[in-house]
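For reference, my_file_28.pdb (PDB, C-alpha atoms):
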```pdb
ATOM      1  CA  MET A  17      15.647 -38.868 -69.811  1.00  0.00           C
ATOM      2  CA  PRO A  18      14.199 -36.433 -67.213  1.00  0.00           C
ATOM      3  CA  PRO A  19      15.407 -36.916 -63.646  1.00  0.00           C
ATOM      4  CA  GLY A  20      13.121 -38.878 -61.322  1.00  0.00           C
ATOM      5  CA  PRO A  21      11.499 -37.617 -58.138  1.00  0.00           C
ATOM      6  CA  MET A  22      13.770 -36.449 -55.344  1.00  0.00           C
ATOM      7  CA  LEU A  23      11.729 -38.519 -52.936  1.00  0.00           C
ATOM      8  CA  ARG A  24       9.239 -41.312 -53.402  1.00  0.00           C
ATOM      9  CA  LEU A  25       7.851 -43.315 -50.514  1.00  0.00           C
ATOM     10  CA  SER A  26       4.857 -45.358 -49.564  1.00  0.00           C
ATOM     11  CA  THR A  27       3.473 -45.604 -46.044  1.00  0.00           C
ATOM     12  CA  ALA A  28       0.857 -47.674 -44.267  1.00  0.00           C
ATOM     13  CA  SER A  29      -2.365 -45.840 -43.466  1.00  0.00           C
ATOM     14  CA  ARG A  30      -1.569 -45.240 -39.816  1.00  0.00           C
ATOM     15  CA  LEU A  31      -1.452 -41.835 -38.174  1.00  0.00           C
ATOM     16  CA  ASP A  32       1.682 -42.809 -36.252  1.00  0.00           C
ATOM     17  CA  GLN A  33       3.483 -42.895 -39.615  1.00  0.00           C
ATOM     18  CA  VAL A  34       2.845 -39.235 -40.425  1.00  0.00           C
ATOM     19  CA  GLY A  35       5.875 -38.075 -38.443  1.00  0.00           C
ATOM     20  CA  SER A  36       8.302 -40.292 -40.347  1.00  0.00           C
ATOM     21  CA  VAL A  37       6.873 -39.104 -43.674  1.00  0.00           C
ATOM     22  CA  LEU A  38       7.360 -35.503 -42.599  1.00  0.00           C
ATOM     23  CA  ALA A  39      10.921 -36.219 -41.448  1.00  0.00           C
ATOM     24  CA  ALA A  40      11.827 -37.821 -44.786  1.00  0.00           C
ATOM     25  CA  MET A  41      10.318 -34.907 -46.690  1.00  0.00           C
ATOM     26  CA  ASP A  42      12.082 -32.345 -44.540  1.00  0.00           C
ATOM     27  CA  ALA A  43      15.441 -34.037 -45.111  1.00  0.00           C
ATOM     28  CA  ALA A  44      14.835 -34.135 -48.866  1.00  0.00           C
ATOM     29  CA  LEU A  45      13.881 -30.456 -48.970  1.00  0.00           C
ATOM     30  CA  GLU A  46      16.889 -29.518 -46.902  1.00  0.00           C
ATOM     31  CA  GLY A  47      19.025 -31.435 -49.377  1.00  0.00           C
ATOM     32  CA  ALA A  48      17.411 -29.465 -52.189  1.00  0.00           C
ATOM     33  CA  GLY A  49      18.421 -26.223 -50.518  1.00  0.00           C
ATOM     34  CA  ALA A  50      14.882 -25.191 -49.562  1.00  0.00           C
ATOM     35  CA  HIS A  51      14.526 -22.252 -47.169  1.00  0.00           C
ATOM     36  CA  ASP A  52      13.411 -23.017 -43.632  1.00  0.00           C
ATOM     37  CA  ASP A  53      10.073 -21.273 -44.376  1.00  0.00           C
ATOM     38  CA  CYS A  54       9.529 -23.586 -47.359  1.00  0.00           C
ATOM     39  CA  ARG A  55      10.209 -26.634 -45.235  1.00  0.00           C
ATOM     40  CA  PHE A  56       7.694 -25.348 -42.700  1.00  0.00           C
ATOM     41  CA  ARG A  57       5.041 -24.686 -45.366  1.00  0.00           C
ATOM     42  CA  VAL A  58       5.458 -28.071 -46.997  1.00  0.00           C
ATOM     43  CA  GLY A  59       5.574 -29.826 -43.632  1.00  0.00           C
ATOM     44  CA  LEU A  60       2.310 -28.262 -42.547  1.00  0.00           C
ATOM     45  CA  ALA A  61       0.522 -28.916 -45.842  1.00  0.00           C
ATOM     46  CA  LEU A  62       1.937 -32.421 -46.242  1.00  0.00           C
ATOM     47  CA  GLY A  63       0.919 -33.406 -42.716  1.00  0.00           C
ATOM     48  CA  GLU A  64      -2.627 -32.307 -43.470  1.00  0.00           C
ATOM     49  CA  ALA A  65      -2.664 -34.118 -46.813  1.00  0.00           C
ATOM     50  CA  VAL A  66      -1.302 -37.398 -45.424  1.00  0.00           C
ATOM     51  CA  ALA A  67      -3.664 -37.293 -42.438  1.00  0.00           C
ATOM     52  CA  ASN A  68      -6.610 -36.672 -44.780  1.00  0.00           C
ATOM     53  CA  ALA A  69      -5.480 -39.551 -47.003  1.00  0.00           C
ATOM     54  CA  ILE A  70      -5.343 -41.916 -44.023  1.00  0.00           C
ATOM     55  CA  ILE A  71      -8.593 -40.766 -42.439  1.00  0.00           C
ATOM     56  CA  HIS A  72     -10.821 -40.055 -45.435  1.00  0.00           C
ATOM     57  CA  GLY A  73      -9.098 -41.936 -48.262  1.00  0.00           C
ATOM     58  CA  SER A  74      -7.991 -45.170 -46.609  1.00  0.00           C
ATOM     59  CA  ARG A  75     -10.529 -44.854 -43.774  1.00  0.00           C
ATOM     60  CA  TYR A  76      -7.834 -46.017 -41.361  1.00  0.00           C
ATOM     61  CA  GLU A  77      -7.332 -49.297 -43.222  1.00  0.00           C
ATOM     62  CA  ALA A  78      -3.633 -49.714 -42.494  1.00  0.00           C
ATOM     63  CA  ALA A  79      -2.982 -52.102 -45.381  1.00  0.00           C
ATOM     64  CA  LEU A  80      -3.935 -49.423 -47.908  1.00  0.00           C
ATOM     65  CA  PRO A  81      -0.816 -47.474 -48.838  1.00  0.00           C
ATOM     66  CA  VAL A  82      -0.460 -43.726 -49.080  1.00  0.00           C
ATOM     67  CA  ASP A  83       2.134 -42.683 -51.644  1.00  0.00           C
ATOM     68  CA  VAL A  84       4.182 -39.499 -51.415  1.00  0.00           C
ATOM     69  CA  GLU A  85       6.391 -38.035 -54.112  1.00  0.00           C
ATOM     70  CA  LEU A  86       8.524 -34.888 -54.231  1.00  0.00           C
ATOM     71  CA  ASN A  87       9.754 -33.220 -57.391  1.00  0.00           C
ATOM     72  CA  VAL A  88      11.878 -30.090 -57.400  1.00  0.00           C
ATOM     73  CA  ALA A  89      12.458 -28.013 -60.512  1.00  0.00           C
ATOM     74  CA  GLY A  90      12.847 -24.352 -61.370  1.00  0.00           C
ATOM     75  CA  GLY A  91      12.986 -23.228 -57.764  1.00  0.00           C
ATOM     76  CA  ARG A  92       9.681 -24.906 -56.932  1.00  0.00           C
ATOM     77  CA  ALA A  93       8.670 -28.003 -55.007  1.00  0.00           C
ATOM     78  CA  GLU A  94       5.776 -30.195 -56.066  1.00  0.00           C
ATOM     79  CA  VAL A  95       4.547 -32.782 -53.586  1.00  0.00           C
ATOM     80  CA  ARG A  96       1.933 -35.366 -54.525  1.00  0.00           C
ATOM     81  CA  VAL A  97       0.044 -37.450 -51.953  1.00  0.00           C
ATOM     82  CA  SER A  98      -2.036 -40.327 -53.332  1.00  0.00           C
ATOM     83  CA  ASP A  99      -4.443 -42.731 -51.702  1.00  0.00           C
ATOM     84  CA  ARG A 100      -6.846 -45.431 -52.894  1.00  0.00           C
ATOM     85  CA  GLY A 101      -9.955 -43.656 -51.656  1.00  0.00           C
ATOM     86  CA  GLU A 102     -12.983 -42.295 -53.449  1.00  0.00           C
ATOM     87  CA  GLY A 103     -11.650 -38.771 -53.559  1.00  0.00           C
ATOM     88  CA  PHE A 104     -13.591 -35.681 -52.626  1.00  0.00           C
ATOM     89  CA  ASP A 105     -14.971 -32.502 -54.083  1.00  0.00           C
ATOM     90  CA  ALA A 106     -12.708 -29.787 -52.720  1.00  0.00           C
ATOM     91  CA  GLY A 107     -15.271 -27.162 -53.666  1.00  0.00           C
ATOM     92  CA  ALA A 108     -17.892 -28.810 -51.465  1.00  0.00           C
ATOM     93  CA  VAL A 109     -15.834 -28.642 -48.258  1.00  0.00           C
ATOM     94  CA  PRO A 110     -17.536 -26.170 -45.878  1.00  0.00           C
ATOM     95  CA  ASP A 111     -15.632 -22.970 -45.150  1.00  0.00           C
ATOM     96  CA  PRO A 112     -14.398 -23.242 -41.539  1.00  0.00           C
ATOM     97  CA  ARG A 113     -14.168 -19.454 -41.405  1.00  0.00           C
ATOM     98  CA  ALA A 114     -17.948 -19.106 -41.723  1.00  0.00           C
ATOM     99  CA  PRO A 115     -19.493 -17.961 -38.423  1.00  0.00           C
ATOM    100  CA  GLU A 116     -21.528 -21.146 -38.069  1.00  0.00           C
ATOM    101  CA  ASN A 117     -18.357 -23.266 -38.397  1.00  0.00           C
ATOM    102  CA  GLN A 118     -15.931 -21.255 -36.285  1.00  0.00           C
ATOM    103  CA  LEU A 119     -16.368 -23.338 -33.145  1.00  0.00           C
ATOM    104  CA  LYS A 120     -16.334 -26.696 -34.897  1.00  0.00           C
ATOM    105  CA  PRO A 121     -13.212 -28.688 -34.041  1.00  0.00           C
ATOM    106  CA  HIS A 122     -12.783 -30.182 -37.511  1.00  0.00           C
ATOM    107  CA  GLY A 123     -12.635 -29.027 -41.120  1.00  0.00           C
ATOM    108  CA  ARG A 124      -9.613 -26.701 -41.224  1.00  0.00           C
ATOM    109  CA  GLY A 125      -7.115 -28.975 -42.961  1.00  0.00           C
ATOM    110  CA  LEU A 126      -7.853 -28.050 -46.571  1.00  0.00           C
ATOM    111  CA  LEU A 127      -8.010 -24.350 -45.703  1.00  0.00           C
ATOM    112  CA  LEU A 128      -4.624 -24.528 -43.988  1.00  0.00           C
ATOM    113  CA  MET A 129      -3.118 -26.279 -46.996  1.00  0.00           C
ATOM    114  CA  ARG A 130      -4.485 -23.646 -49.361  1.00  0.00           C
ATOM    115  CA  GLU A 131      -3.300 -20.812 -47.153  1.00  0.00           C
ATOM    116  CA  VAL A 132       0.205 -22.063 -46.585  1.00  0.00           C
ATOM    117  CA  VAL A 133       1.332 -23.087 -50.083  1.00  0.00           C
ATOM    118  CA  ASP A 134       0.985 -21.549 -53.538  1.00  0.00           C
ATOM    119  CA  ASP A 135      -1.308 -24.144 -55.042  1.00  0.00           C
ATOM    120  CA  VAL A 136      -3.319 -27.201 -53.982  1.00  0.00           C
ATOM    121  CA  ASP A 137      -4.847 -29.443 -56.613  1.00  0.00           C
ATOM    122  CA  VAL A 138      -7.136 -32.419 -55.988  1.00  0.00           C
ATOM    123  CA  SER A 139      -7.643 -35.011 -58.719  1.00  0.00           C
ATOM    124  CA  ARG A 140      -8.755 -38.580 -59.170  1.00  0.00           C
ATOM    125  CA  ARG A 141      -7.689 -41.020 -61.838  1.00  0.00           C
ATOM    126  CA  ARG A 142      -6.849 -44.680 -62.166  1.00  0.00           C
ATOM    127  CA  GLY A 143      -8.407 -45.485 -58.824  1.00  0.00           C
ATOM    128  CA  ARG A 144      -6.318 -42.992 -56.917  1.00  0.00           C
ATOM    129  CA  CYS A 145      -7.112 -39.695 -55.286  1.00  0.00           C
ATOM    130  CA  SER A 146      -4.174 -37.313 -55.413  1.00  0.00           C
ATOM    131  CA  VAL A 147      -3.547 -34.032 -53.671  1.00  0.00           C
ATOM    132  CA  THR A 148      -0.748 -32.012 -55.252  1.00  0.00           C
ATOM    133  CA  ILE A 149       0.926 -29.235 -53.295  1.00  0.00           C
ATOM    134  CA  ARG A 150       3.121 -26.669 -55.018  1.00  0.00           C
ATOM    135  CA  THR A 151       5.241 -23.975 -53.485  1.00  0.00           C
ATOM    136  CA  HIS A 152       8.458 -22.085 -54.118  1.00  0.00           C
ATOM    137  CA  LEU A 153      11.626 -23.009 -52.279  1.00  0.00           C
ATOM    138  CA  GLY A 154      12.212 -19.572 -50.786  1.00  0.00           C
ATOM    139  CA  PRO A 155      11.123 -17.659 -47.698  1.00  0.00           C
ATOM    140  CA  THR A 156       7.444 -16.952 -47.147  1.00  0.00           C
ATOM    141  CA  ARG A 157       6.310 -13.745 -48.840  1.00  0.00           C
ATOM    142  CA  HIS A 158       3.954 -11.358 -47.118  1.00  0.00           C
ATOM    143  CA  ASP A 159       1.606 -11.317 -50.096  1.00  0.00           C
ATOM    144  CA  GLU A 160       1.055 -15.056 -49.954  1.00  0.00           C
ATOM    145  CA  GLY A 161      -2.466 -16.015 -49.077  1.00  0.00           C
ATOM    146  CA  ALA A 162      -5.442 -18.188 -49.852  1.00  0.00           C
ATOM    147  CA  GLN A 163      -6.278 -19.190 -53.362  1.00  0.00           C
ATOM    148  CA  PRO A 164      -9.570 -17.738 -54.563  1.00  0.00           C
TER     149      PRO A 164
ATOM    150  CA  MET B  23       4.522 -35.159 -25.003  1.00  0.00           C
ATOM    151  CA  LYS B  24       2.231 -34.432 -22.071  1.00  0.00           C
ATOM    152  CA  PRO B  25       1.688 -30.706 -21.501  1.00  0.00           C
ATOM    153  CA  ASN B  26       2.942 -29.141 -18.296  1.00  0.00           C
ATOM    154  CA  ILE B  27       0.199 -27.918 -15.972  1.00  0.00           C
ATOM    155  CA  ARG B  28       0.789 -25.354 -13.242  1.00  0.00           C
ATOM    156  CA  ARG B  29      -1.311 -22.944 -11.210  1.00  0.00           C
ATOM    157  CA  GLU B  30      -0.828 -19.199 -10.963  1.00  0.00           C
ATOM    158  CA  ARG B  31      -3.154 -17.297  -8.643  1.00  0.00           C
ATOM    159  CA  GLY B  32      -5.972 -19.800  -9.033  1.00  0.00           C
ATOM    160  CA  VAL B  33      -5.641 -19.980 -12.805  1.00  0.00           C
ATOM    161  CA  ALA B  34      -4.571 -23.186 -14.532  1.00  0.00           C
ATOM    162  CA  VAL B  35      -1.733 -22.684 -17.007  1.00  0.00           C
ATOM    163  CA  ILE B  36      -1.343 -25.462 -19.552  1.00  0.00           C
ATOM    164  CA  GLN B  37       1.889 -25.494 -21.520  1.00  0.00           C
ATOM    165  CA  PRO B  38       2.020 -27.886 -24.503  1.00  0.00           C
ATOM    166  CA  VAL B  39       5.560 -28.617 -25.650  1.00  0.00           C
ATOM    167  CA  GLY B  40       6.742 -29.319 -29.200  1.00  0.00           C
ATOM    168  CA  ALA B  41       4.384 -30.266 -32.007  1.00  0.00           C
ATOM    169  CA  VAL B  42       0.636 -30.103 -31.426  1.00  0.00           C
ATOM    170  CA  THR B  43      -0.373 -32.026 -34.508  1.00  0.00           C
ATOM    171  CA  ILE B  44      -2.436 -35.046 -35.409  1.00  0.00           C
ATOM    172  CA  GLY B  45      -1.220 -38.028 -33.446  1.00  0.00           C
ATOM    173  CA  VAL B  46       1.499 -35.922 -31.794  1.00  0.00           C
ATOM    174  CA  GLY B  47       0.318 -33.775 -28.942  1.00  0.00           C
ATOM    175  CA  ASP B  48      -3.283 -33.173 -29.967  1.00  0.00           C
ATOM    176  CA  VAL B  49      -4.809 -35.838 -27.737  1.00  0.00           C
ATOM    177  CA  ALA B  50      -2.445 -34.928 -24.888  1.00  0.00           C
ATOM    178  CA  LEU B  51      -3.654 -31.324 -25.072  1.00  0.00           C
ATOM    179  CA  ARG B  52      -7.286 -32.472 -24.993  1.00  0.00           C
ATOM    180  CA  GLN B  53      -6.592 -34.619 -21.940  1.00  0.00           C
ATOM    181  CA  ALA B  54      -4.817 -31.769 -20.172  1.00  0.00           C
ATOM    182  CA  VAL B  55      -7.756 -29.425 -20.742  1.00  0.00           C
ATOM    183  CA  HIS B  56     -10.187 -32.050 -19.463  1.00  0.00           C
ATOM    184  CA  GLU B  57      -7.980 -32.650 -16.428  1.00  0.00           C
ATOM    185  CA  VAL B  58      -8.111 -28.960 -15.599  1.00  0.00           C
ATOM    186  CA  PHE B  59     -11.902 -28.898 -15.988  1.00  0.00           C
ATOM    187  CA  GLU B  60     -12.111 -31.499 -13.230  1.00  0.00           C
ATOM    188  CA  THR B  61     -10.195 -29.339 -10.772  1.00  0.00           C
ATOM    189  CA  GLY B  62     -12.566 -26.383 -11.075  1.00  0.00           C
ATOM    190  CA  ASP B  63      -9.986 -23.658 -11.696  1.00  0.00           C
ATOM    191  CA  ARG B  64     -11.466 -20.208 -12.275  1.00  0.00           C
ATOM    192  CA  GLY B  65      -9.706 -19.816 -15.567  1.00  0.00           C
ATOM    193  CA  ILE B  66      -7.438 -21.528 -18.069  1.00  0.00           C
ATOM    194  CA  VAL B  67      -4.464 -20.107 -19.931  1.00  0.00           C
ATOM    195  CA  ILE B  68      -2.867 -22.109 -22.723  1.00  0.00           C
ATOM    196  CA  ASP B  69       0.788 -21.090 -22.768  1.00  0.00           C
ATOM    197  CA  LEU B  70       1.848 -21.628 -26.393  1.00  0.00           C
ATOM    198  CA  SER B  71       5.449 -20.478 -25.987  1.00  0.00           C
ATOM    199  CA  ALA B  72       6.947 -23.959 -26.343  1.00  0.00           C
ATOM    200  CA  VAL B  73       4.829 -25.069 -29.303  1.00  0.00           C
ATOM    201  CA  THR B  74       6.940 -25.639 -32.410  1.00  0.00           C
ATOM    202  CA  THR B  75       4.145 -26.371 -34.876  1.00  0.00           C
ATOM    203  CA  MET B  76       0.377 -26.695 -34.839  1.00  0.00           C
ATOM    204  CA  ASP B  77      -1.845 -28.207 -37.510  1.00  0.00           C
ATOM    205  CA  SER B  78      -5.614 -28.289 -37.992  1.00  0.00           C
ATOM    206  CA  SER B  79      -5.925 -31.043 -35.407  1.00  0.00           C
ATOM    207  CA  GLY B  80      -4.132 -28.950 -32.795  1.00  0.00           C
ATOM    208  CA  LEU B  81      -6.272 -25.950 -33.695  1.00  0.00           C
ATOM    209  CA  GLY B  82      -9.307 -28.188 -33.354  1.00  0.00           C
ATOM    210  CA  GLU B  83      -8.298 -29.059 -29.802  1.00  0.00           C
ATOM    211  CA  LEU B  84      -7.938 -25.371 -28.924  1.00  0.00           C
ATOM    212  CA  VAL B  85     -11.380 -24.645 -30.384  1.00  0.00           C
ATOM    213  CA  ALA B  86     -12.984 -27.625 -28.649  1.00  0.00           C
ATOM    214  CA  GLY B  87     -11.423 -26.619 -25.335  1.00  0.00           C
ATOM    215  CA  TYR B  88     -12.555 -23.026 -25.776  1.00  0.00           C
ATOM    216  CA  ALA B  89     -16.130 -24.099 -26.559  1.00  0.00           C
ATOM    217  CA  LYS B  90     -16.315 -26.523 -23.628  1.00  0.00           C
ATOM    218  CA  ALA B  91     -14.866 -23.942 -21.278  1.00  0.00           C
ATOM    219  CA  ALA B  92     -17.437 -21.401 -22.433  1.00  0.00           C
ATOM    220  CA  ASP B  93     -20.205 -23.939 -21.793  1.00  0.00           C
ATOM    221  CA  ARG B  94     -18.933 -24.227 -18.221  1.00  0.00           C
ATOM    222  CA  GLY B  95     -18.654 -20.491 -17.758  1.00  0.00           C
ATOM    223  CA  VAL B  96     -14.853 -20.667 -17.688  1.00  0.00           C
ATOM    224  CA  ARG B  97     -12.592 -18.330 -19.687  1.00  0.00           C
ATOM    225  CA  LEU B  98      -9.929 -20.077 -21.738  1.00  0.00           C
ATOM    226  CA  LEU B  99      -7.209 -17.746 -22.997  1.00  0.00           C
ATOM    227  CA  LEU B 100      -4.167 -18.180 -25.221  1.00  0.00           C
ATOM    228  CA  ALA B 101      -0.806 -16.623 -24.432  1.00  0.00           C
ATOM    229  CA  ASP B 102       2.714 -16.156 -25.789  1.00  0.00           C
ATOM    230  CA  ALA B 103       2.095 -17.705 -29.205  1.00  0.00           C
ATOM    231  CA  PRO B 104       5.186 -18.075 -31.406  1.00  0.00           C
ATOM    232  CA  ARG B 105       5.053 -16.509 -34.860  1.00  0.00           C
ATOM    233  CA  ARG B 106       4.192 -19.701 -36.685  1.00  0.00           C
ATOM    234  CA  VAL B 107       1.359 -20.553 -34.321  1.00  0.00           C
ATOM    235  CA  THR B 108       0.004 -17.034 -34.702  1.00  0.00           C
ATOM    236  CA  GLU B 109       0.191 -17.501 -38.463  1.00  0.00           C
ATOM    237  CA  VAL B 110      -1.952 -20.644 -38.454  1.00  0.00           C
ATOM    238  CA  LEU B 111      -4.457 -18.938 -36.146  1.00  0.00           C
ATOM    239  CA  GLU B 112      -4.568 -16.034 -38.589  1.00  0.00           C
ATOM    240  CA  MET B 113      -4.865 -18.264 -41.659  1.00  0.00           C
ATOM    241  CA  THR B 114      -7.889 -19.981 -40.168  1.00  0.00           C
ATOM    242  CA  ARG B 115      -9.422 -16.701 -38.941  1.00  0.00           C
ATOM    243  CA  LEU B 116      -9.240 -17.810 -35.322  1.00  0.00           C
ATOM    244  CA  LEU B 117      -7.379 -14.759 -34.032  1.00  0.00           C
ATOM    245  CA  ASP B 118     -10.708 -13.063 -33.375  1.00  0.00           C
ATOM    246  CA  THR B 119     -12.261 -16.119 -31.788  1.00  0.00           C
ATOM    247  CA  PHE B 120      -9.794 -16.404 -28.924  1.00  0.00           C
ATOM    248  CA  GLU B 121      -8.630 -13.914 -26.310  1.00  0.00           C
ATOM    249  CA  ILE B 122      -4.891 -13.868 -26.959  1.00  0.00           C
ATOM    250  CA  TYR B 123      -2.291 -12.284 -24.674  1.00  0.00           C
ATOM    251  CA  GLY B 124       1.347 -11.574 -25.359  1.00  0.00           C
ATOM    252  CA  THR B 125       2.454 -13.030 -22.038  1.00  0.00           C
ATOM    253  CA  VAL B 126       1.183 -15.643 -19.608  1.00  0.00           C
ATOM    254  CA  SER B 127       1.370 -13.155 -16.734  1.00  0.00           C
ATOM    255  CA  GLY B 128      -0.754 -10.711 -18.714  1.00  0.00           C
ATOM    256  CA  ALA B 129      -3.340 -13.421 -19.312  1.00  0.00           C
ATOM    257  CA  VAL B 130      -3.357 -14.422 -15.635  1.00  0.00           C
ATOM    258  CA  ASP B 131      -3.630 -10.746 -14.613  1.00  0.00           C
ATOM    259  CA  SER B 132      -6.784 -10.451 -16.712  1.00  0.00           C
ATOM    260  CA  PHE B 133      -8.594 -12.705 -14.222  1.00  0.00           C
ATOM    261  CA  ALA B 134      -7.964 -10.280 -11.350  1.00  0.00           C
TER     262      ALA B 134
END
```

Could I get this file's structure written as structure tokens?
Amino acid sequence: MPPGPMLRLSTASRLDQVGSVLAAMDAALEGAGAHDDCRFRVGLALGEAVANAIIHGSRYEAALPVDVELNVAGGRAEVRVSDRGEGFDAGAVPDPRAPENQLKPHGRGLLLMREVVDDVDVSRRRGRCSVTIRTHLGPTRHDEGAQP
Amino acid sequence: MKPNIRRERGVAVIQPVGAVTIGVGDVALRQAVHEVFETGDRGIVIDLSAVTTMDSSGLGELVAGYAKAADRGVRLLLADAPRRVTEVLEMTRLLDTFEIYGTVSGAVDSFA
């Protein structure tokens, strides 16, 4: 039987819970021997993903849970954040780097996620929207950058 | 945590401390910037030296403050950004949007 996730938790859809989710994830990654850079990358991307799940997925409805799962294998971490929302088309999110968007206060979360980790995947099935973040456990490489 | 606010030669220096992320420090930064607007300082420097992490919400507060300051004819500068804050500014292509100084004193000097 394959081993289960290193971390699995469910949190209420409240922004004041994001910090405790990040702390649990950081402890799990530290236990997995992840480099400090990896913990930073995952922390940044996970915070964005959980906040998006609470704001856009659950629409601040605290009773709706947001589920977080961490799997580590082959020197890589895979983090999945799931909510009960309608999901979204990642390709339709405006580029915050465009000149007309540069002074808008919102809309940088998905870009930051894509920039900071190796891979971000958005999917929807069985009534759940999931954002999956993948990155290696090592230090940040200089050639890392945005996905196309 | 509420940012520290001090004055240097007529310039307001706002120093957020710790995380400037959603629900942790973002609203406090917004309030500090608004507080400084009320006092009519000739310029604003955001001293980022004590920031440990900044997410899109924190960046959003910097951008909103910058835009509101510009509307009021006030310069809002960034100074002494740690590596990881510089990285998120770079990732979001905001390095060219802001005036960024290596030191707070250099930023304050620029108002002379």

Closest-contact table, chain A side, partner chain B, 9 Å, counting only C-alpha atoms, as a Markdown table:
```
| residue | atom | partner | partner_atom | distance |
| --- | --- | --- | --- | --- |
| A:Leu31 | CA | B:Gly45 | CA | 6.1 |
| A:Asp32 | CA | B:Gly45 | CA | 6.3 |
| A:Val34 | CA | B:Gly45 | CA | 8.2 |
| A:Gly35 | CA | B:Val46 | CA | 8.2 |
| A:Phe56 | CA | B:Thr75 | CA | 8.7 |
| A:Leu60 | CA | B:Asp77 | CA | 6.5 |
| A:Ala61 | CA | B:Asp77 | CA | 8.7 |
| A:Gly63 | CA | B:Asp77 | CA | 7.9 |
| A:Glu64 | CA | B:Asp77 | CA | 7.3 |
| A:Ala67 | CA | B:Ile44 | CA | 7.5 |
| A:Pro112 | CA | B:Thr114 | CA | 7.4 |
| A:Arg113 | CA | B:Arg115 | CA | 6.0 |
| A:Gln118 | CA | B:Leu116 | CA | 7.6 |
| A:Leu119 | CA | B:Val85 | CA | 5.8 |
| A:Lys120 | CA | B:Val85 | CA | 7.0 |
| A:Pro121 | CA | B:Gly82 | CA | 4.0 |
| A:His122 | CA | B:Gly82 | CA | 5.8 |
| A:Gly123 | CA | B:Ser78 | CA | 7.7 |
| A:Arg124 | CA | B:Ser78 | CA | 5.4 |
| A:Gly125 | CA | B:Ser78 | CA | 5.2 |
| A:Leu126 | CA | B:Ser78 | CA | 8.9 |
| A:Leu127 | CA | B:Thr114 | CA | 7.1 |
| A:Leu128 | CA | B:Met113 | CA | 6.7 |
| A:Glu131 | CA | B:Met113 | CA | 6.3 |
| A:Val132 | CA | B:Met113 | CA | 8.0 |
| A:Gly161 | CA | B:Met113 | CA | 8.1 |
| A:Ala162 | CA | B:Met113 | CA | 8.2 |
```

Option closest in space to Ala92 of chain B, from B:Ile68, B:Thr61, B:Phe120, B:Gly47 [counting all atoms listed in the file]: B:Phe120

Interatomic distance, atom CA of Ala79 of chain A to atom CA of Gln33 of chain A (Å, one decimal):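 Atom CA of Gln33 of chain A lies 12.6 Å from atom CA of Ala79 of chain A.
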
Explicit residue set for the PyMOL selection byres ((chain B and resi 26) around 7), as a ChimeraX atom specification: /B:24-25,27-28,36-38

Gap from atom CA of Thr108 of chain B to atom CA of Pro115 of chain A - Å, one decimal: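 About the pair atom CA of Thr108 of chain B and atom CA of Pro115 of chain A: they are 19.9 Å apart.
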
If I wrap all listed atoms of segment 137-154 of chain A in a box with edges along x, y and z and add 4 Å on each side, what are its centre and edge lengths in Å to one decimal, as AutoDock Vina command-line options?
```
--center_x 1.7 --center_y -32.5 --center_z -56.5 --size_x 29.0 --size_y 33.9 --size_z 19.4
```

Atom-to-atom span, atom CA of Leu86 of chain A and atom CA of Pro104 of chain B, Å: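 Taking atom CA of Leu86 of chain A as the start and atom CA of Pro104 of chain B as the end point, the length is 28.5 Å.
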
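Comparing the minimum interatomic distances between Asp118 of chain B and each of B:Ala72, B:Leu100, B:Met23, B:Val42, counting all atoms listed in the file, we find that B:Leu100 sits nearest.
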
List the residues matched by the PyMOL selection byres ((chain B and resi 132-134) around 12) in the displayed structure as a tab-separated table (two decimals) with C-alpha atoms, in the coordinates of the input, ordered by chain and then by residue number.
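After the write, expr.tsv holds the following:
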```
chain	number	residue	atom	x	y	z
B	30	GLU	CA	-0.83	-19.20	-10.96
B	31	ARG	CA	-3.15	-17.30	-8.64
B	32	GLY	CA	-5.97	-19.80	-9.03
B	33	VAL	CA	-5.64	-19.98	-12.80
B	34	ALA	CA	-4.57	-23.19	-14.53
B	63	ASP	CA	-9.99	-23.66	-11.70
B	64	ARG	CA	-11.47	-20.21	-12.28
B	65	GLY	CA	-9.71	-19.82	-15.57
B	66	ILE	CA	-7.44	-21.53	-18.07
B	67	VAL	CA	-4.46	-20.11	-19.93
B	96	VAL	CA	-14.85	-20.67	-17.69
B	97	ARG	CA	-12.59	-18.33	-19.69
B	98	LEU	CA	-9.93	-20.08	-21.74
B	99	LEU	CA	-7.21	-17.75	-23.00
B	100	LEU	CA	-4.17	-18.18	-25.22
B	101	ALA	CA	-0.81	-16.62	-24.43
B	121	GLU	CA	-8.63	-13.91	-26.31
B	122	ILE	CA	-4.89	-13.87	-26.96
B	123	TYR	CA	-2.29	-12.28	-24.67
B	124	GLY	CA	1.35	-11.57	-25.36
B	125	THR	CA	2.45	-13.03	-22.04
B	126	VAL	CA	1.18	-15.64	-19.61
B	127	SER	CA	1.37	-13.16	-16.73
B	128	GLY	CA	-0.75	-10.71	-18.71
B	129	ALA	CA	-3.34	-13.42	-19.31
B	130	VAL	CA	-3.36	-14.42	-15.64
B	131	ASP	CA	-3.63	-10.75	-14.61
```

Minimum-distance residue to Pro81 of chain A, chosen among A:Gly20, A:Gly59, A:Pro155, A:Gly101 (using all atoms listed in the file): A:Gly101

Quick one: residues within 6 Å of segment 147-151 of chain A, only C-alpha atoms counted, chain neighbours fewer than 5 positions away excluded, as a compact mmCIF listing (two decimals) with C-alpha atoms, in the coordinates of the input?
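File written: out-v3.txt
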```txt
# COMPACT_ATOMS: atom_id res chain seq x y z
CA ARG A 92 9.68 -24.91 -56.93
CA ALA A 93 8.67 -28.00 -55.01
CA GLU A 94 5.78 -30.20 -56.07
CA VAL A 95 4.55 -32.78 -53.59
CA ARG A 96 1.93 -35.37 -54.52
CA VAL A 97 0.04 -37.45 -51.95
CA VAL A 133 1.33 -23.09 -50.08
CA ASP A 134 0.98 -21.55 -53.54
CA ASP A 135 -1.31 -24.14 -55.04
CA VAL A 136 -3.32 -27.20 -53.98
CA ASP A 137 -4.85 -29.44 -56.61
CA VAL A 138 -7.14 -32.42 -55.99
```
